[in-house]
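Novice: My structure is stored as final-v3.pdb, with PDB, C-alpha atoms (C1' of nucleotides).
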```
MODEL        1
ATOM      1  CA  MET X   1      42.940  37.848  79.041  1.00  0.00           C
ATOM      2  CA  PHE X   2      44.144  34.863  80.996  1.00  0.00           C
ATOM      3  CA  ASN X   3      42.092  32.793  78.704  1.00  0.00           C
ATOM      4  CA  ARG X   4      44.110  34.115  75.835  1.00  0.00           C
ATOM      5  CA  MET X   5      47.429  33.307  77.482  1.00  0.00           C
ATOM      6  CA  LEU X   6      46.350  29.887  78.561  1.00  0.00           C
ATOM      7  CA  ARG X   7      45.487  29.193  74.994  1.00  0.00           C
ATOM      8  CA  GLN X   8      49.084  29.869  73.936  1.00  0.00           C
ATOM      9  CA  VAL X   9      50.326  27.645  76.691  1.00  0.00           C
ATOM     10  CA  ARG X  10      48.201  24.803  75.410  1.00  0.00           C
ATOM     11  CA  ARG X  11      49.832  25.350  72.056  1.00  0.00           C
ATOM     12  CA  ILE X  12      53.294  24.447  73.270  1.00  0.00           C
ATOM     13  CA  PRO X  13      54.130  21.026  71.885  1.00  0.00           C
ATOM     14  CA  ARG X  14      55.664  18.284  73.930  1.00  0.00           C
ATOM     15  CA  GLY X  15      59.409  18.583  74.258  1.00  0.00           C
ATOM     16  CA  LYS X  16      59.391  22.349  73.788  1.00  0.00           C
ATOM     17  CA  VAL X  17      59.172  25.275  76.141  1.00  0.00           C
ATOM     18  CA  ALA X  18      58.287  28.944  76.111  1.00  0.00           C
ATOM     19  CA  THR X  19      59.018  31.831  78.417  1.00  0.00           C
ATOM     20  CA  TYR X  20      56.426  33.819  80.335  1.00  0.00           C
ATOM     21  CA  GLY X  21      57.231  36.861  78.263  1.00  0.00           C
ATOM     22  CA  ASP X  22      56.842  34.948  75.040  1.00  0.00           C
ATOM     23  CA  VAL X  23      53.468  33.625  76.038  1.00  0.00           C
ATOM     24  CA  ALA X  24      52.358  37.090  77.065  1.00  0.00           C
ATOM     25  CA  SER X  25      53.457  38.541  73.751  1.00  0.00           C
ATOM     26  CA  ALA X  26      51.893  35.748  71.762  1.00  0.00           C
ATOM     27  CA  ALA X  27      48.678  36.349  73.654  1.00  0.00           C
ATOM     28  CA  GLY X  28      48.863  40.001  72.735  1.00  0.00           C
ATOM     29  CA  PHE X  29      50.023  41.447  76.046  1.00  0.00           C
ATOM     30  CA  PRO X  30      53.724  42.165  75.835  1.00  0.00           C
ATOM     31  CA  GLY X  31      55.208  43.060  79.191  1.00  0.00           C
ATOM     32  CA  SER X  32      52.628  41.128  81.159  1.00  0.00           C
ATOM     33  CA  ALA X  33      54.754  38.126  81.881  1.00  0.00           C
ATOM     34  CA  ARG X  34      53.629  38.168  85.507  1.00  0.00           C
ATOM     35  CA  GLN X  35      50.048  37.743  84.526  1.00  0.00           C
ATOM     36  CA  VAL X  36      51.001  34.581  82.686  1.00  0.00           C
ATOM     37  CA  ALA X  37      52.279  33.191  85.933  1.00  0.00           C
ATOM     38  CA  TRP X  38      49.055  34.230  87.598  1.00  0.00           C
ATOM     39  CA  ALA X  39      47.042  32.553  84.898  1.00  0.00           C
ATOM     40  CA  LEU X  40      48.888  29.305  85.434  1.00  0.00           C
ATOM     41  CA  HIS X  41      48.147  29.553  89.149  1.00  0.00           C
ATOM     42  CA  GLN X  42      44.509  30.005  88.521  1.00  0.00           C
ATOM     43  CA  SER X  43      43.881  27.388  85.916  1.00  0.00           C
ATOM     44  CA  SER X  44      44.766  23.785  85.857  1.00  0.00           C
ATOM     45  CA  GLY X  45      45.091  20.989  83.380  1.00  0.00           C
ATOM     46  CA  LEU X  46      47.633  22.928  81.390  1.00  0.00           C
ATOM     47  CA  PRO X  47      51.209  22.087  80.428  1.00  0.00           C
ATOM     48  CA  TRP X  48      52.456  24.610  82.959  1.00  0.00           C
ATOM     49  CA  HIS X  49      55.768  22.823  83.163  1.00  0.00           C
ATOM     50  CA  ARG X  50      56.519  23.951  79.616  1.00  0.00           C
ATOM     51  CA  VAL X  51      56.588  27.556  80.727  1.00  0.00           C
ATOM     52  CA  VAL X  52      59.877  28.749  82.116  1.00  0.00           C
ATOM     53  CA  GLY X  53      61.661  31.982  82.832  1.00  0.00           C
ATOM     54  CA  SER X  54      63.830  33.924  80.452  1.00  0.00           C
ATOM     55  CA  GLY X  55      66.914  32.027  79.380  1.00  0.00           C
ATOM     56  CA  GLY X  56      65.203  28.774  80.214  1.00  0.00           C
ATOM     57  CA  LYS X  57      65.540  28.896  83.952  1.00  0.00           C
ATOM     58  CA  ILE X  58      63.000  27.415  86.258  1.00  0.00           C
ATOM     59  CA  LEU X  59      61.630  30.019  88.600  1.00  0.00           C
ATOM     60  CA  LEU X  60      59.529  27.761  90.725  1.00  0.00           C
ATOM     61  CA  ALA X  61      60.703  27.107  94.222  1.00  0.00           C
ATOM     62  CA  GLY X  62      61.485  23.896  95.991  1.00  0.00           C
ATOM     63  CA  GLU X  63      59.493  20.809  95.164  1.00  0.00           C
ATOM     64  CA  ALA X  64      57.490  22.471  92.464  1.00  0.00           C
ATOM     65  CA  GLY X  65      60.598  23.405  90.548  1.00  0.00           C
ATOM     66  CA  PHE X  66      62.000  19.958  90.983  1.00  0.00           C
ATOM     67  CA  GLU X  67      58.854  18.423  89.623  1.00  0.00           C
ATOM     68  CA  GLN X  68      58.840  20.758  86.653  1.00  0.00           C
ATOM     69  CA  ARG X  69      62.371  19.830  85.768  1.00  0.00           C
ATOM     70  CA  MET X  70      61.594  16.165  86.055  1.00  0.00           C
ATOM     71  CA  ARG X  71      58.592  16.495  83.764  1.00  0.00           C
ATOM     72  CA  LEU X  72      60.549  18.404  81.162  1.00  0.00           C
ATOM     73  CA  GLU X  73      63.349  15.920  81.175  1.00  0.00           C
ATOM     74  CA  GLY X  74      60.751  13.233  80.786  1.00  0.00           C
ATOM     75  CA  GLU X  75      59.530  14.964  77.650  1.00  0.00           C
ATOM     76  CA  GLY X  76      62.989  14.992  76.191  1.00  0.00           C
ATOM     77  CA  VAL X  77      64.093  18.468  77.209  1.00  0.00           C
ATOM     78  CA  ARG X  78      67.816  18.671  77.759  1.00  0.00           C
ATOM     79  CA  PHE X  79      69.086  20.686  80.648  1.00  0.00           C
ATOM     80  CA  HIS X  80      72.256  22.667  80.732  1.00  0.00           C
ATOM     81  CA  GLY X  81      72.904  22.785  84.396  1.00  0.00           C
ATOM     82  CA  LEU X  82      69.961  24.666  85.830  1.00  0.00           C
ATOM     83  CA  ARG X  83      68.866  25.954  82.465  1.00  0.00           C
ATOM     84  CA  ILE X  84      67.249  24.526  79.405  1.00  0.00           C
ATOM     85  CA  ASP X  85      68.692  24.347  75.922  1.00  0.00           C
ATOM     86  CA  MET X  86      66.604  27.153  74.544  1.00  0.00           C
ATOM     87  CA  LYS X  87      68.320  26.817  71.189  1.00  0.00           C
ATOM     88  CA  GLU X  88      66.703  23.452  70.893  1.00  0.00           C
ATOM     89  CA  HIS X  89      63.541  23.710  72.894  1.00  0.00           C
ATOM     90  CA  HIS X  90      62.421  27.274  72.504  1.00  0.00           C
ATOM     91  CA  HIS X  91      58.981  27.047  70.947  1.00  0.00           C
ATOM     92  CA  SER X  92      58.088  29.745  68.452  1.00  0.00           C
ATOM     93  CA  PHE X  93      54.415  30.560  68.401  1.00  0.00           C
ATOM     94  CA  PHE X  94      53.441  30.366  64.771  1.00  0.00           C
ATOM     95  CA  PRO X  95      52.871  33.735  63.143  1.00  0.00           C
ATOM     96  CA  ARG X  96      49.339  33.840  61.917  1.00  0.00           C
ATOM     97  CA  LYS X  97      49.658  33.714  58.208  1.00  0.00           C
ATOM     98  CA  ARG X  98      46.603  32.058  56.869  1.00  0.00           C
ATOM     99  CA  SER X  99      45.838  32.894  53.301  1.00  0.00           C
ATOM    100  CA  SER X 100      45.205  31.299  50.054  1.00  0.00           C
ATOM    101  CA  ARG X 101      47.070  28.123  50.056  1.00  0.00           C
ATOM    102  CA  LYS X 102      48.052  28.237  46.394  1.00  0.00           C
ATOM    103  CA  LYS X 103      50.308  25.316  46.701  1.00  0.00           C
ATOM    104  CA  LYS X 104      48.837  22.073  47.617  1.00  0.00           C
ATOM    105  CA  ILE X 105      50.262  20.996  50.902  1.00  0.00           C
ATOM    106  CA  ARG X 106      50.817  17.558  49.588  1.00  0.00           C
TER
ATOM    107  C1'  DG P   1      42.239  54.784  95.583  1.00  0.00           C
ATOM    108  C1'  DA P   2      46.777  53.411  97.805  1.00  0.00           C
ATOM    109  C1'  DT P   3      50.066  49.851  99.062  1.00  0.00           C
ATOM    110  C1'  DA P   4      52.079  45.328  98.808  1.00  0.00           C
ATOM    111  C1'  DT P   5      52.935  41.069  96.408  1.00  0.00           C
ATOM    112  C1'  DG P   6      54.246  37.860  92.731  1.00  0.00           C
ATOM    113  C1'  DA P   7      55.850  30.916  88.834  1.00  0.00           C
ATOM    114  C1'  DC P   8      58.683  38.045  85.255  1.00  0.00           C
ATOM    115  C1'  DG P   9      62.255  40.708  82.121  1.00  0.00           C
ATOM    116  C1'  DT P  10      66.032  43.577  81.218  1.00  0.00           C
ATOM    117  C1'  DC P  11      69.906  46.268  82.300  1.00  0.00           C
ATOM    118  C1'  DA P  12      73.761  47.949  85.271  1.00  0.00           C
ATOM    119  C1'  DT P  13      77.189  46.801  88.797  1.00  0.00           C
TER
ATOM    120  C1'  DC M   1      77.268  34.306  87.753  1.00  0.00           C
ATOM    121  C1'  DA M   2      74.837  37.017  91.959  1.00  0.00           C
ATOM    122  C1'  DT M   3      72.512  41.302  93.352  1.00  0.00           C
ATOM    123  C1'  DG M   4      70.048  45.328  93.063  1.00  0.00           C
ATOM    124  C1'  DA M   5      67.027  48.499  90.780  1.00  0.00           C
ATOM    125  C1'  DC M   6      63.406  49.656  87.795  1.00  0.00           C
ATOM    126  C1'  DG M   7      59.427  48.655  84.778  1.00  0.00           C
ATOM    127  C1'  DC M   8      55.259  46.026  84.126  1.00  0.00           C
ATOM    128  C1'  DC M   9      50.309  44.647  85.474  1.00  0.00           C
ATOM    129  C1'  DA M  10      46.375  41.808  87.745  1.00  0.00           C
ATOM    130  C1'  DT M  11      44.929  40.598  92.614  1.00  0.00           C
ATOM    131  C1'  DA M  12      44.530  41.006  97.560  1.00  0.00           C
ATOM    132  C1'  DT M  13      43.863  43.674 101.599  1.00  0.00           C
TER
ENDMDL
END
```
Represent the structure contained in this file as structure tokens.
Specialist:
Amino acid sequence: MFNRMLRQVRRIPRGKVATYGDVASAAGFPGSARQVAWALHQSSGLPWHRVVGSGGKILLAGEAGFEQRMRLEGEGVRFHGLRIDMKEHHHSFFPRKRSSRKKKIR
DNA sequence: GATATGACGTCAT
DNA sequence: CATGACGCCATAT
């Protein structure tokens, strides 16, 4: 399960962010936002800083939160006070629509 | 199995 | 915007 969530996290492109709930849903476990947090604790080498709370707020405490914010800003994420511009940086996990590609993608 | 905890989310006050 | 309450679910003890 965590594996599944972590996979979504890896999918988040640089300069974008996603919420715990979004990742959980994308992984197929709506309502299990907490487990996403757990997954991030467990694993490493992931863009954990691209995962924030609902509304784009950083939930981490103290230094960790500070570091996360710094990283995000470094990736081009604009902050609105203590929150992130979700309108700009909210990453939408692509809906899986993979079928006959009639049109040549050029 | 029961209880407590946590990088959560949403709603009501 | 801050708080409190409830719902949710994997781990830890």
Novice: Take the PyMOL selection byres ((chain X) within 12 of (chain P)), apply it to the structure above, and return the hits as number ranges by chain.
Specialist: X: 19-24, 30-42, 48-55, 57-62, 64-65, 68
Novice: Go ahead and save the residues from that selection, with C-alpha atoms, as a PDB file, keeping the file's coordinate frame.
Specialist:
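Dumped to selection-v3.pdb:
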```
ATOM      1  CA  THR X  19      59.018  31.831  78.417  1.00  0.00           C
ATOM      2  CA  TYR X  20      56.426  33.819  80.335  1.00  0.00           C
ATOM      3  CA  GLY X  21      57.231  36.861  78.263  1.00  0.00           C
ATOM      4  CA  ASP X  22      56.842  34.948  75.040  1.00  0.00           C
ATOM      5  CA  VAL X  23      53.468  33.625  76.038  1.00  0.00           C
ATOM      6  CA  ALA X  24      52.358  37.090  77.065  1.00  0.00           C
ATOM      7  CA  PRO X  30      53.724  42.165  75.835  1.00  0.00           C
ATOM      8  CA  GLY X  31      55.208  43.060  79.191  1.00  0.00           C
ATOM      9  CA  SER X  32      52.628  41.128  81.159  1.00  0.00           C
ATOM     10  CA  ALA X  33      54.754  38.126  81.881  1.00  0.00           C
ATOM     11  CA  ARG X  34      53.629  38.168  85.507  1.00  0.00           C
ATOM     12  CA  GLN X  35      50.048  37.743  84.526  1.00  0.00           C
ATOM     13  CA  VAL X  36      51.001  34.581  82.686  1.00  0.00           C
ATOM     14  CA  ALA X  37      52.279  33.191  85.933  1.00  0.00           C
ATOM     15  CA  TRP X  38      49.055  34.230  87.598  1.00  0.00           C
ATOM     16  CA  ALA X  39      47.042  32.553  84.898  1.00  0.00           C
ATOM     17  CA  LEU X  40      48.888  29.305  85.434  1.00  0.00           C
ATOM     18  CA  HIS X  41      48.147  29.553  89.149  1.00  0.00           C
ATOM     19  CA  GLN X  42      44.509  30.005  88.521  1.00  0.00           C
ATOM     20  CA  TRP X  48      52.456  24.610  82.959  1.00  0.00           C
ATOM     21  CA  HIS X  49      55.768  22.823  83.163  1.00  0.00           C
ATOM     22  CA  ARG X  50      56.519  23.951  79.616  1.00  0.00           C
ATOM     23  CA  VAL X  51      56.588  27.556  80.727  1.00  0.00           C
ATOM     24  CA  VAL X  52      59.877  28.749  82.116  1.00  0.00           C
ATOM     25  CA  GLY X  53      61.661  31.982  82.832  1.00  0.00           C
ATOM     26  CA  SER X  54      63.830  33.924  80.452  1.00  0.00           C
ATOM     27  CA  GLY X  55      66.914  32.027  79.380  1.00  0.00           C
ATOM     28  CA  LYS X  57      65.540  28.896  83.952  1.00  0.00           C
ATOM     29  CA  ILE X  58      63.000  27.415  86.258  1.00  0.00           C
ATOM     30  CA  LEU X  59      61.630  30.019  88.600  1.00  0.00           C
ATOM     31  CA  LEU X  60      59.529  27.761  90.725  1.00  0.00           C
ATOM     32  CA  ALA X  61      60.703  27.107  94.222  1.00  0.00           C
ATOM     33  CA  GLY X  62      61.485  23.896  95.991  1.00  0.00           C
ATOM     34  CA  ALA X  64      57.490  22.471  92.464  1.00  0.00           C
ATOM     35  CA  GLY X  65      60.598  23.405  90.548  1.00  0.00           C
ATOM     36  CA  GLN X  68      58.840  20.758  86.653  1.00  0.00           C
TER      37      GLN X  68
END
```
Novice: Using only C-alpha atoms (C1' of nucleotides), I'd like every residue of chain M that has an atom within 12 Å of chain X; please write them out as a list of chain:residue names.
Specialist: M:DG7, M:DC8, M:DC9, M:DA10, M:DT11
Novice: To one decimal place in Å, what is the distance between atom CA of X:Val17 and atom CA of X:Lys87?
Specialist: 10.5 Å
Novice: What does the distance from atom CA of X:Gln8 to atom CA of X:Arg69 come to in Å, to one decimal?
Specialist: 20.4 Å
Novice: In Å, with one decimal, what is the gap from atom CA of X:Arg83 to atom CA of X:Arg4?
Specialist: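 Here the two named atoms are 26.9 Å from each other.
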Novice: Have a look at X:Arg10, X:Gly15, X:Glu63, X:Arg71 and name the one nearest to X:Ser43; count all atoms listed in the file.
Specialist: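 Result for the nearest residue to X:Ser43: X:Arg10.
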